[in-house]
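The next block is structure37.cif, given as mmCIF, C-alpha atoms.
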```cif
data_run
loop_
_atom_site.label_atom_id
_atom_site.label_comp_id
_atom_site.auth_asym_id
_atom_site.auth_seq_id
_atom_site.Cartn_x
_atom_site.Cartn_y
_atom_site.Cartn_z
CA MET A 7 -2.18 20.25 -13.96
CA LYS A 8 -1.49 16.54 -14.54
CA SER A 9 2.22 17.11 -15.18
CA ARG A 10 2.48 19.29 -12.06
CA PHE A 11 0.89 16.58 -9.97
CA LEU A 12 3.19 13.84 -11.32
CA SER A 13 6.31 15.96 -10.87
CA VAL A 14 5.46 16.68 -7.21
CA PHE A 15 4.86 12.99 -6.54
CA ALA A 16 8.11 12.01 -8.27
CA MET A 17 10.01 14.57 -6.20
CA LEU A 18 8.57 13.18 -2.97
CA ALA A 19 9.45 9.64 -4.01
CA GLY A 20 13.00 10.59 -4.99
CA ILE A 21 13.77 12.42 -1.77
CA ALA A 22 12.20 9.66 0.30
CA LEU A 23 14.66 7.04 -0.94
CA CYS A 24 17.36 8.82 1.09
CA GLY A 25 15.74 7.75 4.39
CA SER A 26 17.80 6.46 7.29
CA ALA A 27 17.35 3.60 9.77
CA GLU A 28 15.98 4.09 13.28
CA THR A 29 14.80 7.59 14.11
CA PRO A 30 14.16 9.40 17.43
CA ALA A 31 10.41 9.10 16.72
CA GLU A 32 10.79 5.33 16.37
CA LYS A 33 12.81 5.21 19.60
CA GLN A 34 10.01 7.09 21.32
CA LEU A 35 7.49 4.56 20.00
CA GLU A 36 9.60 1.67 21.26
CA LEU A 37 9.61 3.21 24.75
CA LEU A 38 5.84 3.53 24.57
CA LYS A 39 5.43 -0.11 23.51
CA LYS A 40 7.27 -1.17 26.67
CA ASP A 41 4.97 0.93 28.86
CA HIS A 42 2.26 -1.73 29.16
CA HIS A 43 1.16 -4.12 31.88
CA ILE A 44 -0.11 -7.49 30.70
CA ILE A 45 -2.61 -9.34 32.91
CA HIS A 46 -3.07 -13.01 32.02
CA LEU A 47 -6.62 -14.23 32.47
CA GLU A 48 -5.46 -17.52 34.01
CA GLY A 49 -2.47 -16.11 35.89
CA GLY A 50 -1.05 -13.07 37.62
CA GLU A 51 0.20 -9.75 36.29
CA GLN A 52 3.26 -9.69 34.10
CA GLY A 53 4.88 -6.27 34.08
CA ALA A 54 6.98 -6.47 30.92
CA VAL A 55 6.29 -7.44 27.36
CA ASP A 56 9.02 -10.06 27.12
CA THR A 57 7.72 -12.74 24.75
CA ILE A 58 7.52 -12.68 20.99
CA SER A 59 3.76 -13.30 20.86
CA GLU A 60 3.02 -10.48 23.33
CA GLN A 61 5.29 -8.06 21.49
CA GLU A 62 3.59 -8.91 18.20
CA LEU A 63 0.16 -8.15 19.66
CA ILE A 64 1.37 -4.77 20.93
CA ASN A 65 2.89 -4.05 17.51
CA THR A 66 -0.46 -4.88 15.91
CA PHE A 67 -2.04 -1.94 17.72
CA TYR A 68 0.55 0.59 16.54
CA TYR A 69 1.18 -0.76 13.04
CA ASP A 70 -1.81 0.88 11.42
CA GLN A 71 -1.76 2.48 7.97
CA PHE A 72 -4.43 4.93 9.13
CA ARG A 73 -3.02 5.87 12.52
CA HIS A 74 -2.74 9.62 13.23
CA PHE A 75 -0.53 11.42 15.73
CA GLN A 76 -3.60 12.46 17.77
CA ASP A 77 -5.05 8.93 18.00
CA PRO A 78 -5.09 7.32 21.48
CA ARG A 79 -2.15 5.17 22.51
CA ALA A 80 -2.45 1.49 23.35
CA PRO A 81 -4.06 0.71 26.75
CA TYR A 82 -1.78 0.78 29.78
CA PHE A 83 -3.41 -2.41 31.12
CA MET A 84 -4.21 -5.25 28.73
CA LEU A 85 -5.87 -8.60 29.36
CA MET A 86 -4.30 -11.53 27.56
CA SER A 87 -5.30 -15.16 27.25
CA LYS A 88 -3.03 -17.86 28.63
CA THR A 89 -2.20 -18.94 25.07
CA ARG A 90 -1.10 -15.35 24.37
CA LYS A 91 -3.08 -15.30 21.13
CA TYR A 92 -5.87 -12.95 22.21
CA ALA A 93 -5.80 -9.62 24.02
CA MET A 94 -8.31 -7.02 25.12
CA GLY A 95 -7.81 -3.48 26.27
CA ILE A 96 -9.90 -0.50 27.39
CA GLY A 97 -8.09 2.80 27.19
CA GLY A 98 -8.38 6.42 26.29
CA VAL A 99 -6.92 9.87 26.47
CA VAL A 100 -7.82 12.90 28.60
CA ARG A 101 -7.00 15.91 26.43
CA MET A 102 -7.41 19.59 27.28
CA ARG A 103 -6.79 22.41 24.85
CA GLY A 104 -6.73 26.15 25.31
CA TRP A 105 -6.14 29.00 22.87
CA TYR A 106 -5.95 32.73 22.48
CA ASP A 107 -6.91 34.43 19.19
CA TRP A 108 -5.95 37.95 18.18
CA ASN A 109 -6.17 39.94 14.98
CA GLY A 110 -9.64 38.43 14.59
CA ALA A 111 -11.14 35.43 16.39
CA MET A 112 -12.12 32.11 14.82
CA PRO A 113 -15.80 31.16 15.28
CA ASN A 114 -14.87 27.63 16.41
CA ALA A 115 -12.26 25.67 18.37
CA GLY A 116 -10.43 24.45 15.25
CA PHE A 117 -8.12 26.82 13.40
CA THR A 118 -9.63 26.98 9.90
CA PRO A 119 -8.65 29.74 7.43
CA TYR A 120 -11.97 29.27 5.59
CA ASN A 121 -13.77 30.62 8.68
CA ILE A 122 -11.80 33.87 8.94
CA SER A 123 -14.42 36.61 8.98
CA ILE A 124 -14.41 39.09 6.08
CA PRO A 125 -15.01 41.88 6.87
CA ARG A 126 -13.66 41.88 10.43
CA ASN A 127 -16.21 41.35 13.18
CA PRO A 128 -15.44 44.06 15.81
CA THR A 129 -17.17 42.04 18.55
CA LYS A 130 -14.80 39.08 18.03
CA ASN A 131 -11.36 40.56 17.75
CA ASN A 132 -9.84 38.47 20.56
CA TRP A 133 -10.87 35.16 22.05
CA TYR A 134 -9.63 33.07 24.94
CA GLY A 135 -11.17 29.60 24.94
CA THR A 136 -10.72 26.08 26.28
CA THR A 137 -12.19 22.70 25.39
CA PRO A 138 -12.03 19.04 26.44
CA ALA A 139 -12.84 18.02 22.85
CA GLY A 140 -10.54 15.23 21.79
CA THR A 141 -10.90 13.37 25.07
CA ALA A 142 -11.64 9.80 24.01
CA LEU A 143 -12.44 6.28 25.21
CA PHE A 144 -11.87 3.12 23.21
CA PHE A 145 -12.29 -0.64 23.44
CA SER A 146 -10.10 -3.00 21.44
CA VAL A 147 -9.91 -6.76 21.00
CA PHE A 148 -7.17 -8.18 18.82
CA GLY A 149 -5.39 -11.45 18.33
CA ARG A 150 -4.78 -14.41 16.09
CA ASN A 151 -7.15 -17.17 14.99
CA ASN A 152 -5.90 -20.48 13.62
CA THR A 153 -8.43 -20.40 10.77
CA TYR A 154 -8.88 -16.71 9.91
CA GLY A 155 -5.51 -15.26 10.95
CA GLN A 156 -5.08 -11.90 12.66
CA TYR A 157 -8.11 -9.84 13.59
CA GLN A 158 -9.03 -6.69 15.47
CA LEU A 159 -12.30 -5.22 16.77
CA TYR A 160 -12.20 -1.54 17.64
CA ILE A 161 -14.70 1.01 19.01
CA GLU A 162 -13.80 4.61 19.85
CA GLY A 163 -15.92 7.44 21.18
CA ASN A 164 -14.84 11.06 21.32
CA PHE A 165 -16.02 13.94 23.51
CA SER A 166 -16.33 16.40 20.66
CA GLY A 167 -20.04 16.34 19.92
CA TYR A 168 -22.65 18.83 21.08
CA ASP A 169 -21.05 21.99 22.50
CA SER A 170 -17.62 20.27 22.20
CA ARG A 171 -18.45 18.07 25.18
CA GLY A 172 -21.08 15.63 23.90
CA PHE A 173 -19.97 12.01 23.45
CA LYS A 174 -20.15 10.67 19.89
CA LEU A 175 -18.96 7.64 17.97
CA LYS A 176 -15.70 8.23 16.14
CA LYS A 177 -14.77 4.74 14.90
CA ALA A 178 -16.29 1.26 14.98
CA TYR A 179 -14.82 -1.43 12.78
CA ALA A 180 -13.63 -5.01 12.48
CA THR A 181 -10.47 -6.11 10.66
CA VAL A 182 -9.79 -9.73 9.67
CA ASN A 183 -6.52 -10.24 7.79
CA ASP A 184 -6.76 -7.99 4.69
CA TRP A 185 -10.42 -6.99 5.17
CA THR A 186 -11.91 -4.13 7.16
CA LEU A 187 -15.63 -3.50 7.62
CA GLY A 188 -17.15 -0.65 9.61
CA TYR A 189 -17.05 3.06 10.35
CA THR A 190 -13.47 4.26 10.01
CA THR A 191 -10.98 6.47 8.15
CA SER A 192 -11.46 6.71 4.39
CA THR A 193 -8.98 4.90 2.15
CA PHE A 194 -8.46 8.23 0.36
CA GLN A 195 -6.82 9.64 3.52
CA ASP A 196 -3.25 9.19 4.72
CA PRO A 197 -3.28 10.15 8.42
CA ALA A 198 0.28 8.89 9.01
CA ALA A 199 1.55 11.49 6.52
CA GLN A 200 -0.25 14.33 8.30
CA PRO A 201 2.17 16.29 10.54
CA PRO A 202 1.72 16.52 14.33
CA THR A 203 -0.41 19.46 15.47
CA LEU A 204 -1.99 20.44 18.75
CA ASP A 205 -4.91 22.07 16.97
CA ALA A 206 -7.48 19.37 16.16
CA GLN A 207 -8.12 20.74 12.67
CA GLY A 208 -4.60 20.39 11.26
CA PRO A 209 -3.45 21.71 7.85
CA ASN A 210 -6.25 23.33 5.85
CA SER A 211 -5.34 21.27 2.77
CA LYS A 212 -5.44 17.79 4.34
CA THR A 213 -8.06 15.20 3.43
CA GLY A 214 -10.45 14.31 6.21
CA SER A 215 -13.33 11.84 6.01
CA THR A 216 -14.72 9.00 8.14
CA ASN A 217 -17.19 6.64 6.43
CA MET A 218 -18.85 3.28 6.58
CA LEU A 219 -16.74 1.15 4.24
CA LEU A 220 -15.56 -2.26 3.14
CA ARG A 221 -11.82 -2.22 2.48
CA TRP A 222 -9.33 -4.76 1.16
CA MET A 223 -5.69 -3.91 1.92
CA HIS A 224 -2.77 -6.20 1.16
CA THR A 225 0.98 -5.98 1.79
CA MET A 226 3.19 -7.50 -0.91
CA LYS A 227 6.83 -8.43 -0.17
CA SER A 228 6.83 -6.10 2.88
CA HIS A 229 7.47 -2.91 0.84
CA TRP A 230 4.34 -2.56 -1.30
CA VAL A 231 0.80 -2.02 -0.03
CA VAL A 232 -2.34 -1.83 -2.17
CA ALA A 233 -5.89 -1.07 -1.03
CA LEU A 234 -9.36 -0.79 -2.52
CA SER A 235 -12.58 0.18 -0.79
CA VAL A 236 -16.28 0.78 -1.29
CA GLU A 237 -17.42 3.66 0.93
CA THR A 238 -20.69 5.31 1.92
CA PRO A 239 -20.59 8.88 0.55
CA SER A 240 -21.61 12.11 2.22
CA SER A 241 -21.72 14.70 -0.53
CA SER A 242 -22.23 18.43 0.06
CA ILE A 243 -24.06 20.18 -2.79
CA THR A 244 -25.19 23.79 -2.83
CA SER A 245 -28.84 24.71 -3.50
CA LYS A 246 -30.51 27.71 -5.08
CA PRO A 247 -34.31 28.08 -4.83
CA ASP A 248 -36.10 27.67 -8.19
CA PHE A 249 -32.79 26.79 -9.91
CA TYR A 250 -31.24 23.58 -8.53
CA THR A 251 -30.76 21.41 -5.48
CA GLY A 252 -28.76 18.33 -4.51
CA CYS A 253 -30.25 14.84 -4.62
CA SER A 254 -29.60 11.99 -2.21
CA ASP A 255 -26.44 9.97 -2.82
CA TYR A 256 -27.17 7.15 -5.26
CA MET A 257 -23.87 5.21 -5.45
CA PRO A 258 -20.86 4.52 -3.19
CA ASP A 259 -17.48 6.19 -3.44
CA PHE A 260 -14.70 3.96 -4.78
CA ALA A 261 -11.25 4.64 -3.33
CA GLY A 262 -7.84 3.01 -3.44
CA PHE A 263 -4.12 3.55 -3.06
CA VAL A 264 -0.70 2.15 -3.94
CA GLN A 265 2.07 2.64 -1.38
CA TYR A 266 5.79 1.96 -1.15
CA GLN A 267 7.07 1.73 2.42
CA TRP A 268 10.30 1.11 4.27
CA GLY A 269 11.39 1.07 7.89
CA SER A 270 8.60 1.30 10.44
CA SER A 271 7.29 4.78 9.64
CA SER A 272 8.27 5.90 6.11
CA HIS A 273 6.23 5.62 2.94
CA VAL A 274 5.14 7.25 -0.30
CA ARG A 275 1.50 6.83 -1.31
CA LEU A 276 -0.67 7.62 -4.33
CA SER A 277 -4.42 7.56 -3.60
CA GLY A 278 -7.47 8.06 -5.78
CA ILE A 279 -11.23 8.31 -5.43
CA VAL A 280 -14.19 8.27 -7.83
CA ARG A 281 -17.60 9.65 -6.82
CA GLY A 282 -21.09 9.85 -8.24
CA LEU A 283 -22.88 13.17 -7.57
CA LYS A 284 -26.51 13.88 -8.39
CA TYR A 285 -28.61 17.05 -8.53
CA ARG A 286 -32.00 18.20 -9.72
CA ASP A 287 -32.45 20.96 -12.30
CA LEU A 288 -35.51 22.79 -10.94
CA VAL A 289 -35.89 24.78 -14.16
CA SER A 290 -36.29 21.78 -16.49
CA GLU A 291 -37.41 19.47 -13.64
CA ARG A 292 -34.81 16.85 -14.51
CA ASN A 293 -32.16 14.99 -12.51
CA TYR A 294 -28.52 14.91 -13.64
CA ARG A 295 -25.49 12.89 -12.62
CA VAL A 296 -21.96 14.27 -12.46
CA ALA A 297 -18.74 12.30 -11.92
CA GLY A 298 -16.31 13.50 -9.27
CA TRP A 299 -12.70 12.40 -8.83
CA GLY A 300 -9.67 13.08 -6.68
CA ALA A 301 -5.96 12.23 -6.69
CA HIS A 302 -3.79 12.47 -3.59
CA ALA A 303 0.01 12.04 -3.32
CA SER A 304 1.46 11.87 0.19
CA ALA A 305 4.72 10.96 1.89
CA VAL A 306 6.44 10.74 5.28
CA PHE A 307 10.14 9.92 5.57
CA THR A 308 13.37 10.67 7.47
CA PRO A 309 16.20 12.10 5.31
CA VAL A 310 18.47 12.43 8.38
CA SER A 311 17.95 10.86 11.80
CA PRO A 312 16.46 13.77 13.84
CA LEU A 313 14.33 15.13 10.97
CA THR A 314 11.00 13.79 9.66
CA VAL A 315 9.46 15.26 6.50
CA TYR A 316 5.72 15.25 5.69
CA GLY A 317 4.10 16.25 2.43
CA ALA A 318 0.88 15.92 0.43
CA PHE A 319 -0.66 17.19 -2.78
CA LEU A 320 -4.39 16.93 -3.58
CA VAL A 321 -6.27 17.76 -6.74
CA GLY A 322 -9.75 16.87 -7.92
CA LYS A 323 -13.27 17.80 -9.00
CA GLY A 324 -16.30 17.35 -6.78
CA VAL A 325 -14.22 16.48 -3.68
CA SER A 326 -14.67 19.65 -1.61
CA SER A 327 -16.48 17.70 1.14
CA LEU A 328 -13.35 15.54 1.56
CA ASN A 329 -11.04 18.53 2.07
CA ASN A 330 -10.36 20.15 5.44
CA ASP A 331 -10.92 23.83 4.54
CA LEU A 332 -13.62 23.35 1.90
CA GLN A 333 -15.74 21.10 4.13
CA ASN A 334 -17.10 24.33 5.57
CA GLY A 335 -18.91 25.13 2.31
CA ALA A 336 -21.23 23.16 0.00
CA GLY A 337 -18.92 22.95 -2.99
CA ASP A 338 -19.04 19.42 -4.43
CA LEU A 339 -21.41 20.77 -7.09
CA ILE A 340 -22.10 24.45 -7.77
CA GLY A 341 -24.25 26.35 -10.27
CA ASN A 342 -23.37 27.11 -13.88
CA PRO A 343 -24.31 30.78 -14.43
CA ASN A 344 -24.41 30.25 -18.21
CA GLN A 345 -27.09 27.55 -18.05
CA GLU A 346 -30.08 28.06 -15.77
CA GLY A 347 -30.65 25.09 -13.51
CA ARG A 348 -27.41 23.31 -14.39
CA MET A 349 -24.52 22.44 -12.07
CA TYR A 350 -20.95 21.18 -12.39
CA ALA A 351 -18.14 19.82 -10.21
CA PRO A 352 -15.56 22.57 -9.53
CA MET A 353 -11.85 21.85 -9.25
CA SER A 354 -9.88 22.27 -6.03
CA LEU A 355 -6.17 21.97 -5.31
CA GLY A 356 -4.26 21.79 -2.05
CA TRP A 357 -0.86 20.94 -0.67
CA TYR A 358 1.17 21.06 2.51
CA GLY A 359 4.75 20.44 3.58
CA ALA A 360 6.13 20.00 7.09
CA MET A 361 9.33 19.18 8.96
CA SER A 362 9.50 17.70 12.44
CA TYR A 363 12.79 17.83 14.35
CA HIS A 364 13.45 15.66 17.41
CA PHE A 365 15.79 17.29 19.93
CA LYS A 366 15.32 14.14 22.01
CA PRO A 367 13.10 11.08 21.47
CA ASN A 368 10.50 12.70 23.74
CA LEU A 369 10.94 16.35 22.67
CA PHE A 370 10.29 17.61 19.14
CA SER A 371 9.15 20.60 17.14
CA THR A 372 7.18 20.79 13.88
CA VAL A 373 6.77 23.56 11.31
CA ILE A 374 4.03 23.36 8.67
CA PHE A 375 2.89 25.37 5.68
CA GLY A 376 -0.15 24.60 3.54
CA GLU A 377 -2.39 26.11 0.90
CA GLU A 378 -5.88 25.30 -0.37
CA ARG A 379 -7.35 26.74 -3.57
CA PHE A 380 -10.91 26.65 -4.86
CA LEU A 381 -10.79 26.75 -8.68
CA PRO A 382 -14.32 26.91 -10.13
CA LYS A 383 -14.77 27.32 -13.87
CA TYR A 384 -17.13 30.27 -13.40
CA ASN A 385 -17.49 33.01 -10.78
CA PRO A 386 -18.95 31.21 -7.71
CA ASN A 387 -20.58 34.43 -6.46
CA PHE A 388 -23.61 33.01 -8.25
CA ASP A 389 -23.90 30.70 -5.20
CA ASN A 390 -22.59 33.19 -2.61
CA LEU A 391 -19.31 31.27 -2.47
CA THR A 392 -16.58 33.89 -2.18
CA TYR A 393 -13.59 31.79 -1.00
CA LYS A 394 -10.65 31.77 -3.41
CA TYR A 395 -7.76 30.37 -1.38
CA GLY A 396 -6.51 29.89 2.16
CA LEU A 397 -3.00 29.82 3.63
CA TYR A 398 -2.03 27.95 6.79
CA ALA A 399 1.19 27.91 8.84
CA THR A 400 2.03 26.37 12.19
CA ALA A 401 5.01 25.99 14.51
CA ASN A 402 4.85 23.92 17.68
CA VAL A 403 6.89 22.28 20.44
CA ILE A 404 5.66 18.99 21.96
CA TRP A 405 7.13 17.28 25.02
CA ASP A 406 6.33 13.80 26.30
CA ILE A 407 7.00 14.22 30.02
CA THR A 408 6.39 10.48 30.36
CA PRO A 409 5.41 7.95 27.65
CA ARG A 410 1.76 8.74 28.53
CA CYS A 411 1.80 12.39 29.60
CA GLU A 412 2.23 15.02 26.87
CA VAL A 413 2.17 18.83 26.78
CA GLY A 414 2.69 21.28 23.95
CA LEU A 415 2.59 24.88 22.74
CA GLU A 416 1.67 25.93 19.19
CA TYR A 417 1.38 29.08 17.07
CA ASN A 418 -1.06 29.16 14.13
CA ILE A 419 -1.41 31.82 11.45
CA GLY A 420 -3.81 31.74 8.51
CA LYS A 421 -5.13 33.83 5.66
CA ARG A 422 -8.39 33.81 3.73
CA GLN A 423 -8.49 35.42 0.27
CA ASN A 424 -11.81 36.03 -1.48
CA ILE A 425 -12.41 36.20 -5.23
CA ASP A 426 -12.96 39.97 -4.96
CA LEU A 427 -9.40 40.25 -3.50
CA GLN A 428 -10.60 41.03 0.02
CA HIS A 429 -8.49 39.13 2.53
CA ARG A 430 -7.67 38.86 6.22
CA TRP A 431 -5.11 37.15 8.43
CA ALA A 432 -5.75 35.54 11.82
CA ASP A 433 -3.41 34.43 14.62
CA ARG A 434 -3.73 31.89 17.41
CA LEU A 435 -1.63 30.61 20.29
CA CYS A 436 -2.67 27.11 21.35
CA PHE A 437 -1.63 24.97 24.30
CA MET A 438 -2.46 21.35 25.11
CA ALA A 439 -2.03 18.81 27.90
CA GLN A 440 -3.06 15.16 27.68
CA PHE A 441 -2.75 11.90 29.57
CA SER A 442 -3.20 8.47 27.96
CA PHE A 443 -4.24 5.37 29.87
#
```
Can you give me the file's structure in the form of structure tokens?
Amino acid sequence: MKSRFLSVFAMLAGIALCGSAETPAEKQLELLKKDHHIIHLEGGEQGAVDTISEQELINTFYYDQFRHFQDPRAPYFMLMSKTRKYAMGIGGVVRMRGWYDWNGAMPNAGFTPYNISIPRNPTKNNWYGTTPAGTALFFSVFGRNNTYGQYQLYIEGNFSGYDSRGFKLKKAYATVNDWTLGYTTSTFQDPAAQPPTLDAQGPNSKTGSTNMLLRWMHTMKSHWVVALSVETPSSSITSKPDFYTGCSDYMPDFAGFVQYQWGSSSHVRLSGIVRGLKYRDLVSERNYRVAGWGAHASAVFTPVSPLTVYGAFLVGKGVSSLNNDLQNGAGDLIGNPNQEGRMYAPMSLGWYGAMSYHFKPNLFSTVIFGEERFLPKYNPNFDNLTYKYGLYATANVIWDITPRCEVGLEYNIGKRQNIDLQHRWADRLCFMAQFSF
């Protein structure tokens, strides 16, 4: 397993070194950066970003190691101090999604192979649905202080709570130079290396976790980035009456990464995480601690100008709650059928690869394939966990009509395979329209 992981990472790193200069995606981003109106607090409106200090502040918003394709774009209107060192913006995105399922309907708005019903539910064979989930509002203050350097304060709320319309906090953090404190994306994630999808769920094998954390991240000689963080955990442990149950989290997760980057949007990253998991043996009435760990290799690069390649490989024990597909089950710790009351951290493995081709800077298509495998040491039927592996594939076309108006069409197909060899496929056609402001 270790050699397989290292060989995949080496392959990604080797291919990545063939990257080219400016890409259509980068040209699209440059057009977006120019689509801002700056209002000076002690003066009138200035319609173009035409000074170095203003351009740097706009770049600060977009140059984010944890920025995902679906994240809101910078505010259309921004307030800036007369000294041009401080800026404030209130923005958001209005996003509407619709879908049609056939060959078996998903029970939720996200396309998740784990949730494919086995056996087929005859009352949910087709499903037409819509949702405003993903519509977001955010408030951002960023600038430069003579004593403490660059800083940013960011709050984002998302309409994806109760019944997919309730408003809930998505991010709230402060960044000062190399330090970040608050509720934000885990250091173990690499959102920039996750391919563009219209479906909010994305590849079933991607990492996905938002936590309270304290992170240190430093760029060395422009090409190397290192990060370490202490994060509040949220473990998911199965329970079995009279046998075992999970205990409250007793220690933080420790995560970090090393990254090599070039250009404005290409990098190769190796991330890791260590976790402390705790459960109670109800048979012997004792508490036990189990170590969990995860390793994640990811990359995004452009081998030729119109083509962007995405890839990731994840392996670990006790990290099911950090994985997209396996978050739907309680699999960080599961029961050991050979020892009454005892539990262990099962292994999981996932990967995805994707290619995005830009026909024009504002028109592109992405194809994705991913797989997630649950690899327990013993038969997990002991805990009514029947999932063995899931397959995920997507093809989409996305068009930016204007720098702030985007539409797209996407086809998803997935498979769930159980340990008893029962399996089912599911299909979905998804469409999306959004406007950023």
**Q.** Shell around A:Ser277 at 9 Å using only C-alpha atoms, local window under 6 positions removed, as a ChimeraX atom specification
**A.** /A:193-196,261-265,300-304
Q.
Between atom CA of A:Ile122 and atom CA of A:Trp357, what distance in Å does the model show, to one decimal?
A.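 If I compute the distance from atom CA of A:Ile122 to atom CA of A:Trp357, I get 19.5 Å.
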Q | Point-to-point distance from atom CA of A:Asn217 to atom CA of A:Cys436, Å rounded to tenths | A |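 We find that atom CA of A:Asn217 and atom CA of A:Cys436 lie 29.2 Å from each other.
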Q: Report the residues retrieved by the PyMOL selection byres ((chain A and resi 325) around 8) from the displayed file, expressed as a ChimeraX atom specification.
A: /A:298-300,322-324,326-329,338,354
Q | Neighbour list for stretch 409-424 of chain A as a ChimeraX atom specification, cut-off 6 Å, only C-alpha atoms, skip fewer than 4 positions in-chain | A | /A:38,119,392-405,428-442
Q) Expanded to explicit residues, what is the PyMOL selection byres ((chain A and resi 245) around 12) for this file, as a ChimeraX atom specification? A) /A:242-244,246-253,285-288,335-342,347-349,388-391
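Interatomic distance, atom CA of A:Asp406 against atom CA of A:Leu369: 6.4 Å.
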Q: Evaluate the PyMOL selection byres ((chain A and resi 235) around 12) on the structure here and hand back the selected residues as an NGL selection string.
A: :A and (184-188 or 190-195 or 217-224 or 232-234 or 236-239 or 258-263 or 277-280)
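Residue nearest A:Tyr179 within the list A:Asn121, A:Asn131, A:Ser362, A:Ser146: A:Ser146 [criterion: smallest interatomic distance, only C-alpha atoms].
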**Q.** Option closest in space to A:Lys177, from A:Ile96, A:Thr213, A:Val274, A:Asp77 [counting all atoms listed in the file]
**A.**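 Distance minimum relative to A:Lys177 lands on A:Asp77.
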(Q) Using all atoms listed in the file, can you tell me which of A:Ala178, A:Met102, A:Ala80, A:Ala318 comes closest to A:Pro197? (A)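 Of all the options, A:Ala318 lies closest to A:Pro197.
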Any chance you could build stretch 425-437 of chain A out to N, CA, C and O atoms and write it as an mmCIF file, in the frame of the given file?
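The result, stored in result01.cif:
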```
data_model
loop_
_atom_site.group_PDB
_atom_site.id
_atom_site.type_symbol
_atom_site.label_atom_id
_atom_site.label_comp_id
_atom_site.auth_asym_id
_atom_site.auth_seq_id
_atom_site.Cartn_x
_atom_site.Cartn_y
_atom_site.Cartn_z
ATOM 1 N N ILE A 425 -12.553 35.997 -3.784
ATOM 2 C CA ILE A 425 -12.410 36.200 -5.230
ATOM 3 C C ILE A 425 -12.410 37.685 -5.590
ATOM 4 O O ILE A 425 -11.900 38.068 -6.652
ATOM 5 N N ASP A 426 -12.968 38.529 -4.694
ATOM 6 C CA ASP A 426 -12.960 39.970 -4.960
ATOM 7 C C ASP A 426 -11.710 40.636 -4.388
ATOM 8 O O ASP A 426 -11.658 41.857 -4.283
ATOM 9 N N LEU A 427 -10.706 39.828 -4.012
ATOM 10 C CA LEU A 427 -9.400 40.250 -3.500
ATOM 11 C C LEU A 427 -9.429 40.749 -2.066
ATOM 12 O O LEU A 427 -8.387 41.136 -1.526
ATOM 13 N N GLN A 428 -10.585 40.744 -1.413
ATOM 14 C CA GLN A 428 -10.600 41.030 0.020
ATOM 15 C C GLN A 428 -9.927 39.870 0.749
ATOM 16 O O GLN A 428 -10.103 38.703 0.391
ATOM 17 N N HIS A 429 -9.166 40.199 1.799
ATOM 18 C CA HIS A 429 -8.490 39.130 2.530
ATOM 19 C C HIS A 429 -8.242 39.575 3.967
ATOM 20 O O HIS A 429 -8.282 40.768 4.288
ATOM 21 N N ARG A 430 -8.001 38.579 4.817
ATOM 22 C CA ARG A 430 -7.670 38.860 6.220
ATOM 23 C C ARG A 430 -6.790 37.736 6.748
ATOM 24 O O ARG A 430 -6.894 36.575 6.327
ATOM 25 N N TRP A 431 -5.941 38.106 7.714
ATOM 26 C CA TRP A 431 -5.110 37.150 8.430
ATOM 27 C C TRP A 431 -5.699 36.937 9.819
ATOM 28 O O TRP A 431 -6.417 37.793 10.339
ATOM 29 N N ALA A 432 -5.353 35.818 10.442
ATOM 30 C CA ALA A 432 -5.750 35.540 11.820
ATOM 31 C C ALA A 432 -4.597 34.820 12.519
ATOM 32 O O ALA A 432 -3.836 34.083 11.882
ATOM 33 N N ASP A 433 -4.491 35.026 13.833
ATOM 34 C CA ASP A 433 -3.410 34.430 14.620
ATOM 35 C C ASP A 433 -3.989 33.706 15.827
ATOM 36 O O ASP A 433 -5.009 34.133 16.396
ATOM 37 N N ARG A 434 -3.300 32.648 16.225
ATOM 38 C CA ARG A 434 -3.730 31.890 17.410
ATOM 39 C C ARG A 434 -2.524 31.301 18.121
ATOM 40 O O ARG A 434 -1.577 30.815 17.490
ATOM 41 N N LEU A 435 -2.584 31.321 19.449
ATOM 42 C CA LEU A 435 -1.630 30.610 20.290
ATOM 43 C C LEU A 435 -2.409 29.508 21.000
ATOM 44 O O LEU A 435 -3.410 29.781 21.672
ATOM 45 N N CYS A 436 -1.945 28.264 20.843
ATOM 46 C CA CYS A 436 -2.670 27.110 21.350
ATOM 47 C C CYS A 436 -1.784 26.320 22.316
ATOM 48 O O CYS A 436 -0.575 26.198 22.080
ATOM 49 N N PHE A 437 -2.378 25.827 23.374
ATOM 50 C CA PHE A 437 -1.630 24.970 24.300
ATOM 51 C C PHE A 437 -2.463 23.733 24.610
ATOM 52 O O PHE A 437 -3.700 23.755 24.555
#
```
